[in-house]
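Below is one structure, written out as structure tokens, with a few remarks after it.
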Amino acid sequence: MRLIVALIFYCTSFYSFAFELVRDAEIEEYLYDVSKPIFYAAGLKKDSVNFYLVKENSINAFVYGGSNIFVHTGLIESSDTPNMLQGVIAHELGHIMGAHLVKMQPQLSKALATYAIATLLGVGILATDSSMSGTNAAIASTMLGQHIAERQFLSFSRTQEAEADRYAMLFLKKSEISSNGMLELFKKLDSMQKKFVKEIDQYSVTHPLSTQRFDYFINNHVVGKNSYDEKFLLERHRFIQAKILAYSNNNTLYTNSNEIFANEKYKLYYLVYKSILENNNAQALNFVQKLLKINNKNPFFHETASMIYIKLNNLFKAKEHFKKALEYSKNNIFLKHEFASFLIKNFNDAQNINNAIFILESLKNTNEANAVLYQNLQIAYKKLNMEDYYLISRIEEIVLFGDIKKQENKLSVNNLITQLEIILKNNNNNVVMERLKRIKQIL
């Protein structure tokens, strides 16, 4: 599978390296679901915290740019159970609740981070990469060419780390989730640090594991009673680990691959993505069909099948599986965005394009509202020769997600507004006129 481009963050303090943000509907939904009781315990709604995936083997998670938690695929890979992941998420949420970012670095450029995230974390890959054939089911890089966002690995003080730990224990206790997972993961990390320093040094810098912290975890252990879909979550956890293992090409320090290969369904999922990466689509189809026989209501099996059928140029079958993915996921908003992008990329008739437009317009007030959504709308409106809607979508993209202070963006917006106003003189489109009015108020 060809990787297109990557949103690159540069470490500006102790380390210097780049990493990639990735999108995956299955993993993102899992992160939200496994965190649901923790968010509830913290008095937060599900959509008040954003998760972003970092394609990086090191064990790490960090907060940045407000209520954003960045999770390395290596952390998921290293977590033997969902409970391990819940402990780390509870800790990171503690940093957010303690406003440690604000206290630590008041000079952080939140606008830059927000712009970079909003611009890239959509499904632009669907519209630009023929090898992906219209889906983002597998872990795939996103990028924005010349746009670069900066961040620092925050070396929180011991006081802030201790406060985040206290918050974490509070959230786990209120949600009746055991703290054993967090303790076991930190023990694992401490043990691995002695063997593989280079792979995990980022985490050891951002989250120093002092003896006092270990003692705190042990002395304040939360037994936990919450059986929140434990068996189901563990199964999802294993499927995700199988997918990550395939993308790491078995080059991993953390995953117990024996557990995956010893179970038929997890091994099949691994083989599906391994075959996709090797461009052996017929074999991938065979494996995913076996998975669908095991569980025909898994939305991500259908999403994967759709991706394979697109690669095999069978759009009818791809569309059929996409619809099932949406049905069984109860209209996962990321999958909805994927489906709309699939329709726009692969069809030209008014019915399919209008269906895509309807979906994208409905996502504007969700977490999927990003620059790529507006770009896909522009492609759709172009296909239907709806120039006024195309122009207003282009203007909104720049104003809402670009740096409007840049002279080039100012000139571009003014030029687009002039073009749109000429069209509106001859075509009294009240909807577009109202949207233009709101944009001018922002400007």
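In the structure tokens, chains take letters A, B, ... by order of appearance, with residues numbered from 1 within each chain and ligands from 1 in the order shown.
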| request: Tell me which protein, DNA and RNA residues are within 10 Å of A:Val222, counting only C-alpha atoms, leaving out same-chain ones fewer than 6 positions away, and put them as a PyMOL selection string. | output: chain A and resi 169-170+172-174+176-180
Just the residues within 12 Å of A:Ser175, please, counting only C-alpha atoms, with nothing from its chain fewer than 4 positions along; format it as an mmCIF file with C-alpha atoms, in the first residue's frame.
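Final output, saved to part33.cif:
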data_model
loop_
_atom_site.group_PDB
_atom_site.id
_atom_site.type_symbol
_atom_site.label_atom_id
_atom_site.label_comp_id
_atom_site.auth_asym_id
_atom_site.auth_seq_id
_atom_site.Cartn_x
_atom_site.Cartn_y
_atom_site.Cartn_z
ATOM 1 C CA VAL A 34 -12.739 1.960 26.072
ATOM 2 C CA SER A 35 -12.564 5.487 27.522
ATOM 3 C CA LYS A 36 -16.300 6.048 27.838
ATOM 4 C CA PRO A 37 -16.620 5.210 31.563
ATOM 5 C CA ILE A 38 -13.498 7.273 32.341
ATOM 6 C CA PHE A 39 -14.892 10.323 30.546
ATOM 7 C CA TYR A 40 -18.164 9.855 32.404
ATOM 8 C CA ALA A 41 -16.330 9.701 35.734
ATOM 9 C CA ALA A 42 -14.536 12.955 34.833
ATOM 10 C CA GLY A 43 -17.849 14.619 33.996
ATOM 11 C CA GLN A 86 -7.558 2.686 30.196
ATOM 12 C CA GLY A 87 -4.971 3.436 32.874
ATOM 13 C CA ALA A 90 -6.993 8.136 32.627
ATOM 14 C CA ALA A 168 -6.336 8.953 37.079
ATOM 15 C CA MET A 169 -6.948 7.011 40.287
ATOM 16 C CA LEU A 170 -10.020 9.123 41.014
ATOM 17 C CA PHE A 171 -11.464 8.487 37.550
ATOM 18 C CA SER A 179 -5.848 0.389 38.262
ATOM 19 C CA VAL A 222 -8.239 0.359 42.725
ATOM 20 C CA VAL A 223 -9.634 -3.162 42.635
ATOM 21 C CA GLY A 224 -12.422 -2.319 40.207
ATOM 22 C CA LYS A 225 -15.811 -3.914 39.707
ATOM 23 C CA ASN A 226 -16.799 -2.624 36.298
ATOM 24 C CA SER A 227 -17.216 -5.513 33.874
ATOM 25 C CA TYR A 228 -17.835 -3.010 31.082
#
| request: Rank nothing, just name the residue among A:His337, A:Lys437, A:His321, A:Lys383 nearest to A:Ala369, using only C-alpha atoms. | output: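 Nearest candidate to A:Ala369 out of A:His337, A:Lys437, A:His321, A:Lys383: A:His337.
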| task | Rank nothing, just name the residue among A:Lys231, A:Glu368, A:Tyr390, A:Phe342 nearest to A:Asn50, using only C-alpha atoms. | result |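 So, comparing all the options, the nearest one is A:Glu368.
Residue nearest A:Lys290 within the list A:Glu29, A:Glu278, A:Glu264, A:Asp349: A:Glu264 [criterion: smallest interatomic distance, only C-alpha atoms].
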| query | Contacts of A:Met84 at 9 Å or less, counting only C-alpha atoms, minus same-chain residues fewer than 3 places along, as a PyMOL selection string? | reply | chain A and resi 76+78-81+87-89+179-185
| field | Nearby residues (only C-alpha atoms) at most 8 Å from stretch 419-422 of chain A, same-chain spacing under 2 positions excluded, as a list in words | value |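 Here the qualifying residues turn out to be Asp388, Leu391, Ile392, Asn415, Leu416, Ile417, Leu424, Lys425 and Asn426 of chain A.
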| message | One decimal, in Å: what's the spacing between atom CA of A:Gly94 and atom CA of A:Glu163? | response | 7.2 Å
| task | Mind listing the alpha helix (DSSP H) residues of stretch 237-316 of chain A, per DSSP on the backbone, as a PyMOL selection string? | result | chain A and resi 237-247+257-261+264-277+281-294+299-311+315-316
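Atom CA of A:Tyr52 lies 22.2 Å from atom CA of A:Ser362.
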| said: When you look at A:Ile442 with a cut-off of 10 Å (counting only C-alpha atoms), what residues show up, excluding the ones that are within fewer than 6 positions of it in the same chain? I need them as a PyMOL selection string. | reply: chain A and resi 399-400+436
| message | Taking only C-alpha atoms into account, name the residue in A:Met386, A:Ile260, A:Val288, A:Ile69 that is nearest to A:Val432. | response |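 Looking at the shortest contact to A:Val432, the residue is A:Met386.
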